[in-house]
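Student: Next comes the structure file structure_13.txt, holding compact mmCIF, C-alpha atoms.
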```txt
# COMPACT_ATOMS: atom_id res chain seq x y z
CA ALA A 1 -9.20 -7.22 18.78
CA GLN A 2 -6.33 -9.46 19.70
CA SER A 3 -3.52 -9.73 17.20
CA VAL A 4 0.05 -10.83 16.67
CA ALA A 5 2.63 -9.41 14.31
CA GLN A 6 5.70 -11.01 12.85
CA PRO A 7 7.81 -8.12 11.59
CA GLU A 8 10.17 -10.21 9.45
CA ASP A 9 8.98 -12.08 6.37
CA GLN A 10 12.27 -13.95 6.20
CA VAL A 11 15.15 -14.74 8.51
CA ASN A 12 18.46 -16.14 7.27
CA VAL A 13 20.85 -17.89 9.63
CA ALA A 14 24.00 -19.95 9.24
CA GLU A 15 23.91 -23.47 10.62
CA GLY A 16 25.22 -23.58 14.18
CA ASN A 17 24.38 -19.95 14.88
CA PRO A 18 21.62 -18.90 17.25
CA LEU A 19 18.31 -17.96 15.69
CA THR A 20 15.51 -15.63 16.70
CA VAL A 21 12.11 -15.29 15.07
CA LYS A 22 10.25 -12.25 16.32
CA CYS A 23 6.64 -11.90 17.40
CA THR A 24 4.79 -9.05 19.09
CA TYR A 25 1.27 -9.22 20.39
CA SER A 26 -1.63 -6.93 21.14
CA VAL A 27 -4.20 -8.30 23.58
CA SER A 28 -6.52 -7.15 26.29
CA GLY A 29 -6.07 -9.26 29.36
CA ASN A 30 -3.62 -12.10 29.76
CA PRO A 31 -2.20 -13.43 26.50
CA TYR A 32 -2.26 -17.09 25.55
CA LEU A 33 0.55 -17.33 22.99
CA PHE A 34 1.70 -20.13 20.70
CA TRP A 35 4.35 -20.97 18.12
CA TYR A 36 3.79 -23.35 15.23
CA VAL A 37 6.04 -24.55 12.42
CA GLN A 38 5.00 -25.56 8.92
CA TYR A 39 7.15 -27.60 6.55
CA PRO A 40 6.43 -27.49 2.80
CA ASN A 41 3.11 -29.08 1.85
CA ARG A 42 2.42 -30.05 5.45
CA GLY A 43 0.10 -28.95 8.21
CA LEU A 44 1.15 -26.89 11.22
CA GLN A 45 3.05 -28.51 14.06
CA PHE A 46 2.78 -27.17 17.60
CA LEU A 47 6.12 -26.04 19.06
CA LEU A 48 5.33 -24.38 22.39
CA LYS A 49 2.89 -22.19 24.29
CA TYR A 50 2.81 -19.56 27.01
CA ILE A 51 -0.18 -19.49 29.33
CA THR A 52 1.26 -18.27 32.59
CA GLY A 53 4.32 -18.80 34.77
CA ASP A 54 7.95 -18.68 33.71
CA ASN A 55 8.74 -16.19 31.00
CA LEU A 56 11.06 -18.67 29.28
CA VAL A 57 9.09 -21.49 27.71
CA LYS A 58 10.78 -24.60 26.35
CA GLY A 59 9.28 -26.52 23.48
CA SER A 60 9.89 -29.16 20.85
CA TYR A 61 13.05 -29.65 18.76
CA GLY A 62 15.19 -27.50 21.08
CA PHE A 63 13.15 -24.34 20.57
CA GLU A 64 12.29 -21.93 23.34
CA ALA A 65 10.43 -18.65 23.54
CA GLU A 66 10.76 -15.67 25.81
CA PHE A 67 7.63 -13.87 26.97
CA ASN A 68 8.23 -10.19 27.65
CA LYS A 69 5.21 -8.37 29.02
CA SER A 70 6.71 -4.88 28.97
CA GLN A 71 7.70 -5.21 25.32
CA THR A 72 4.60 -7.27 24.41
CA SER A 73 6.85 -9.76 22.66
CA PHE A 74 7.10 -13.52 22.40
CA HIS A 75 10.23 -14.24 20.37
CA LEU A 76 11.13 -17.77 19.32
CA LYS A 77 14.74 -18.79 19.86
CA LYS A 78 17.13 -21.66 19.39
CA PRO A 79 20.77 -21.67 20.53
CA SER A 80 22.14 -23.53 17.51
CA ALA A 81 20.25 -23.66 14.20
CA LEU A 82 20.05 -26.74 12.00
CA VAL A 83 19.46 -26.85 8.24
CA SER A 84 16.41 -28.98 9.02
CA ASP A 85 14.91 -26.04 10.98
CA SER A 86 14.27 -24.29 7.65
CA ALA A 87 10.50 -23.84 7.50
CA LEU A 88 7.66 -21.36 7.94
CA TYR A 89 7.05 -20.25 11.54
CA PHE A 90 3.80 -18.84 12.87
CA CYS A 91 3.10 -17.01 16.07
CA ALA A 92 -0.50 -17.16 17.32
CA VAL A 93 -2.71 -15.86 20.12
CA ARG A 94 -6.01 -17.06 21.51
CA ASP A 95 -8.67 -14.37 21.04
CA TYR A 96 -10.99 -14.76 24.00
CA ASN A 97 -13.00 -11.75 22.90
CA GLN A 98 -14.05 -13.80 19.88
CA GLY A 99 -14.75 -17.21 21.30
CA GLY A 100 -11.16 -18.28 21.80
CA LYS A 101 -10.21 -18.74 18.17
CA LEU A 102 -6.53 -18.87 17.35
CA ILE A 103 -5.29 -15.84 15.43
CA PHE A 104 -2.08 -16.26 13.49
CA GLY A 105 0.63 -13.89 12.40
CA GLN A 106 1.60 -13.73 8.75
CA GLY A 107 4.47 -16.14 9.21
CA THR A 108 8.26 -15.91 8.99
CA GLU A 109 10.25 -17.98 6.55
CA LEU A 110 13.37 -19.29 8.27
CA SER A 111 16.26 -20.33 6.07
CA VAL A 112 19.27 -22.04 7.63
CA LYS A 113 22.27 -22.41 5.35
CA PRO A 114 25.09 -24.91 5.86
CA LYS B 115 -2.44 -42.29 18.79
CA ALA B 116 -3.37 -41.29 15.26
CA GLY B 117 -3.22 -37.63 14.37
CA VAL B 118 -5.75 -35.46 12.60
CA THR B 119 -6.71 -36.98 9.25
CA GLN B 120 -7.95 -34.88 6.35
CA THR B 121 -9.33 -36.17 3.07
CA PRO B 122 -8.85 -35.67 0.24
CA ARG B 123 -5.31 -34.29 0.30
CA TYR B 124 -5.53 -32.77 -3.16
CA LEU B 125 -8.44 -31.91 -5.41
CA ILE B 126 -9.16 -29.88 -8.50
CA LYS B 127 -12.55 -28.33 -9.20
CA THR B 128 -13.96 -25.85 -11.67
CA ARG B 129 -15.76 -22.60 -10.94
CA GLY B 130 -19.35 -23.06 -9.88
CA GLN B 131 -18.87 -26.57 -8.52
CA GLN B 132 -19.06 -27.47 -4.87
CA VAL B 133 -16.65 -29.38 -2.67
CA THR B 134 -16.79 -31.27 0.60
CA LEU B 135 -13.72 -31.77 2.76
CA SER B 136 -13.50 -34.23 5.62
CA CYS B 137 -11.64 -34.18 8.92
CA SER B 138 -11.22 -36.87 11.55
CA PRO B 139 -9.87 -35.43 14.81
CA ILE B 140 -7.52 -37.06 17.26
CA SER B 141 -9.35 -39.66 19.31
CA GLY B 142 -10.96 -38.03 22.33
CA HIS B 143 -10.82 -34.50 20.92
CA ARG B 144 -14.23 -32.90 20.75
CA SER B 145 -13.36 -29.55 19.19
CA VAL B 146 -12.62 -29.14 15.48
CA SER B 147 -11.55 -25.90 13.84
CA TRP B 148 -11.08 -25.08 10.16
CA TYR B 149 -8.65 -22.60 8.65
CA GLN B 150 -8.00 -21.41 5.13
CA GLN B 151 -4.39 -20.75 4.17
CA THR B 152 -3.44 -18.68 1.14
CA PRO B 153 -0.19 -16.88 0.25
CA GLY B 154 -1.88 -13.50 0.28
CA GLN B 155 -4.14 -13.73 3.33
CA GLY B 156 -2.22 -16.19 5.47
CA LEU B 157 -4.19 -18.32 7.91
CA GLN B 158 -7.81 -17.28 8.20
CA PHE B 159 -10.23 -18.81 10.70
CA LEU B 160 -13.32 -20.36 9.15
CA PHE B 161 -15.27 -21.95 12.00
CA GLU B 162 -15.09 -24.10 15.09
CA TYR B 163 -17.33 -26.96 16.17
CA PHE B 164 -17.71 -28.55 19.56
CA SER B 165 -20.09 -31.38 20.37
CA GLU B 166 -21.85 -30.97 17.01
CA THR B 167 -22.49 -27.24 17.60
CA GLN B 168 -20.84 -24.38 15.77
CA ARG B 169 -19.17 -22.33 18.49
CA ASN B 170 -17.43 -19.71 16.44
CA LYS B 171 -17.43 -18.44 12.88
CA GLY B 172 -15.00 -16.36 10.88
CA ASN B 173 -15.69 -13.72 8.27
CA PHE B 174 -16.40 -15.89 5.27
CA PRO B 175 -19.44 -15.81 2.98
CA GLY B 176 -22.32 -18.20 3.45
CA ARG B 177 -20.94 -20.40 0.66
CA PHE B 178 -18.66 -21.81 3.32
CA SER B 179 -20.39 -24.14 5.73
CA GLY B 180 -19.53 -26.98 8.02
CA ARG B 181 -20.86 -29.53 10.41
CA GLN B 182 -19.72 -31.95 13.04
CA PHE B 183 -21.00 -35.43 13.65
CA SER B 184 -21.58 -37.27 16.91
CA ASN B 185 -18.20 -39.02 16.58
CA SER B 186 -16.53 -35.58 16.35
CA ARG B 187 -15.66 -35.99 12.69
CA SER B 188 -16.23 -32.82 10.75
CA GLU B 189 -16.91 -31.77 7.19
CA MET B 190 -16.77 -28.43 5.50
CA ASN B 191 -18.49 -27.55 2.28
CA VAL B 192 -17.86 -24.78 -0.20
CA SER B 193 -20.57 -24.18 -2.77
CA THR B 194 -20.39 -22.23 -6.01
CA LEU B 195 -16.63 -22.30 -6.07
CA GLU B 196 -14.69 -19.22 -7.12
CA LEU B 197 -11.10 -18.96 -8.29
CA GLY B 198 -10.22 -17.23 -5.03
CA ASP B 199 -11.25 -20.29 -3.05
CA SER B 200 -8.07 -22.02 -4.17
CA ALA B 201 -6.21 -22.62 -0.91
CA LEU B 202 -4.93 -25.10 1.60
CA TYR B 203 -7.75 -25.94 4.01
CA LEU B 204 -6.51 -27.00 7.40
CA CYS B 205 -8.44 -28.80 10.07
CA ALA B 206 -7.33 -28.79 13.69
CA SER B 207 -8.60 -30.55 16.78
CA SER B 208 -8.31 -29.95 20.50
CA LEU B 209 -9.67 -31.51 23.65
CA GLU B 210 -11.90 -28.61 24.55
CA THR B 211 -13.08 -25.51 22.80
CA GLY B 212 -11.19 -22.25 23.15
CA THR B 213 -8.33 -23.63 25.23
CA GLY B 214 -4.86 -24.93 24.74
CA GLU B 215 -3.08 -25.79 21.56
CA LEU B 216 -4.57 -27.01 18.32
CA PHE B 217 -3.34 -30.12 16.54
CA PHE B 218 -3.43 -29.75 12.77
CA GLY B 219 -3.93 -32.17 9.95
CA GLU B 220 -1.90 -32.15 6.73
CA GLY B 221 -4.55 -30.13 4.94
CA SER B 222 -6.61 -30.43 1.79
CA ARG B 223 -5.24 -28.46 -1.13
CA LEU B 224 -8.05 -27.20 -3.32
CA THR B 225 -7.39 -25.81 -6.77
CA VAL B 226 -10.27 -24.08 -8.56
CA LEU B 227 -9.90 -23.69 -12.32
```
Translate this file's structure into structure tokens.
Tutor:
Amino acid sequence: AQSVAQPEDQVNVAEGNPLTVKCTYSVSGNPYLFWYVQYPNRGLQFLLKYITGDNLVKGSYGFEAEFNKSQTSFHLKKPSALVSDSALYFCAVRDYNQGGKLIFGQGTELSVKP
Amino acid sequence: KAGVTQTPRYLIKTRGQQVTLSCSPISGHRSVSWYQQTPGQGLQFLFEYFSETQRNKGNFPGRFSGRQFSNSRSEMNVSTLELGDSALYLCASSLETGTGELFFGEGSRLTVL
């Protein structure tokens, strides 16, 4: 079965510093990968996706993600963190062995301190 | 363009009752998926509907059911509520089934007492 793993429950970053939220995947075939963000008491907001093409994907709010096939990773990055980036981040993969449903990682809580 | 709308946003029920949650997808989107979010289990897939047909189903008991109407609006129902059904229920829509990104609503937070 397809899966994604987010090895860190929480990431702490100082405002202005670069941030990385890690995600590794396990899929058979080509991976369709996504990042979502969730603010408190809100739904999930789509940030970016990798389907094919360039390994560096740019998304909303200045976020980008790097697809690395050899390391089976899809880490989310931002050059300069903002306090307002503090939220819960989810990595996800489309599972085409099970009808294409989106399978989510457990989430990483990002905290950006001033 | 309006986003995904879920109603009600909050509700409280007691064990044994049933609940119906509603979801209106983004205009033009024909696929609707439902997820359950809890602190312990994270985001769990419930089911997906496309053109009024259930296309995919997660590993939930038969107490959880859903349907989709001809205008793509969807409802999910949970019967004989249990304490463990307390969760945030998220609806998401997409243009087609099994492709691309999902667009989520704000969720319906169900508390079972």
Student: How close does each residue of chain A get to chain B, giving the shortest atom pair and distance in Å to one decimal for every residue with an atom at most 8 Å away, counting only C-alpha atoms, sorted by chain and residue number, as JSON lines?
Tutor:
```
{"residue": "A:Phe34", "atom": "CA", "partner": "B:Glu215", "partner_atom": "CA", "distance": 7.5}
{"residue": "A:Asn41", "atom": "CA", "partner": "B:Glu220", "partner_atom": "CA", "distance": 7.6}
{"residue": "A:Arg42", "atom": "CA", "partner": "B:Glu220", "partner_atom": "CA", "distance": 5.0}
{"residue": "A:Gly43", "atom": "CA", "partner": "B:Glu220", "partner_atom": "CA", "distance": 4.1}
{"residue": "A:Leu44", "atom": "CA", "partner": "B:Phe218", "partner_atom": "CA", "distance": 5.6}
{"residue": "A:Gln45", "atom": "CA", "partner": "B:Phe218", "partner_atom": "CA", "distance": 6.7}
{"residue": "A:Phe46", "atom": "CA", "partner": "B:Phe217", "partner_atom": "CA", "distance": 6.9}
{"residue": "A:Lys49", "atom": "CA", "partner": "B:Glu215", "partner_atom": "CA", "distance": 7.5}
{"residue": "A:Arg94", "atom": "CA", "partner": "B:Gly212", "partner_atom": "CA", "distance": 7.5}
{"residue": "A:Tyr96", "atom": "CA", "partner": "B:Gly212", "partner_atom": "CA", "distance": 7.5}
{"residue": "A:Gln98", "atom": "CA", "partner": "B:Asn170", "partner_atom": "CA", "distance": 7.6}
{"residue": "A:Gly99", "atom": "CA", "partner": "B:Asn170", "partner_atom": "CA", "distance": 6.1}
{"residue": "A:Gly100", "atom": "CA", "partner": "B:Gly212", "partner_atom": "CA", "distance": 4.2}
{"residue": "A:Lys101", "atom": "CA", "partner": "B:Gly212", "partner_atom": "CA", "distance": 6.2}
{"residue": "A:Leu102", "atom": "CA", "partner": "B:Phe159", "partner_atom": "CA", "distance": 7.6}
{"residue": "A:Ile103", "atom": "CA", "partner": "B:Phe159", "partner_atom": "CA", "distance": 7.5}
{"residue": "A:Phe104", "atom": "CA", "partner": "B:Leu157", "partner_atom": "CA", "distance": 6.3}
{"residue": "A:Gly105", "atom": "CA", "partner": "B:Gly156", "partner_atom": "CA", "distance": 7.8}
{"residue": "A:Gln106", "atom": "CA", "partner": "B:Gly156", "partner_atom": "CA", "distance": 5.6}
{"residue": "A:Gly107", "atom": "CA", "partner": "B:Gly156", "partner_atom": "CA", "distance": 7.7}
```
Student: Could you tell me how far CA of Val57 in chain A lies from CA of Gly117 in chain B, in Å and to one decimal?
Tutor: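 Taking CA of Val57 in chain A and CA of Gly117 in chain B, their separation equals 24.3 Å.
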Student: Mind checking which residues fall within 7 Å of Ala201 in chain B, counting only C-alpha atoms, ignoring those fewer than 6 positions away in the same chain, and posting them as a list of chain:residue names?
Tutor: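 Counting only C-alpha atoms, the residues come to B:Gln150, B:Gln151, B:Thr152, B:Arg223, B:Leu224, B:Thr225.
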Student: Please report the interatomic distance between CA of Gly198 in chain B and CA of Arg129 in chain B in Å with one decimal.
Tutor: 9.7 Å
Student: Please determine, counting all atoms listed in the file, which residue among A:Ala87, A:Ala65, A:Ile51, A:Val37 has the shortest atom-to-atom distance to Val112 in chain A.
Tutor: A:Ala87
Student: Considering all atoms listed in the file, give me a table of residues in range 68-88 of chain A that are at most 6 Å from range 1-17 of chain A, with the closest atom pair and distance in Å for each, as CSV.
Tutor:
```
residue,atom,partner,partner_atom,distance
A:Ser80,CA,A:Gly16,CA,4.5
A:Ala81,CA,A:Gly16,CA,5.0
A:Leu82,CA,A:Glu15,CA,5.2
```
Student: Which is closer to Leu209 in chain B than all the others in B:Asn173, B:Ser141, B:Thr194, B:Gln168, using only C-alpha atoms?
Tutor: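 For Leu209 in chain B, the nearest of the candidates is B:Ser141.
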Student: To one decimal in Å, tell me the separation between CA of Ser208 in chain B and CA of Tyr163 in chain B.
Tutor: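 Spanning CA of Ser208 in chain B to CA of Tyr163 in chain B is a straight-line distance of 10.4 Å.
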Student: Calculated over all atoms listed in the file, which of the candidates A:Thr108, A:Ser70, A:Asn55, A:Ser28 has the smallest distance to Cys91 in chain A?
Tutor: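 Smallest distance to Cys91 in chain A is found for A:Thr108.
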Student: May I ask which of the residues B:Val226, B:Ser200, B:Thr134, B:Thr128 is the closest one to Ser179 in chain B, counting all atoms listed in the file?
Tutor: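 The shortest atom-to-atom distance to Ser179 in chain B comes from B:Thr134.
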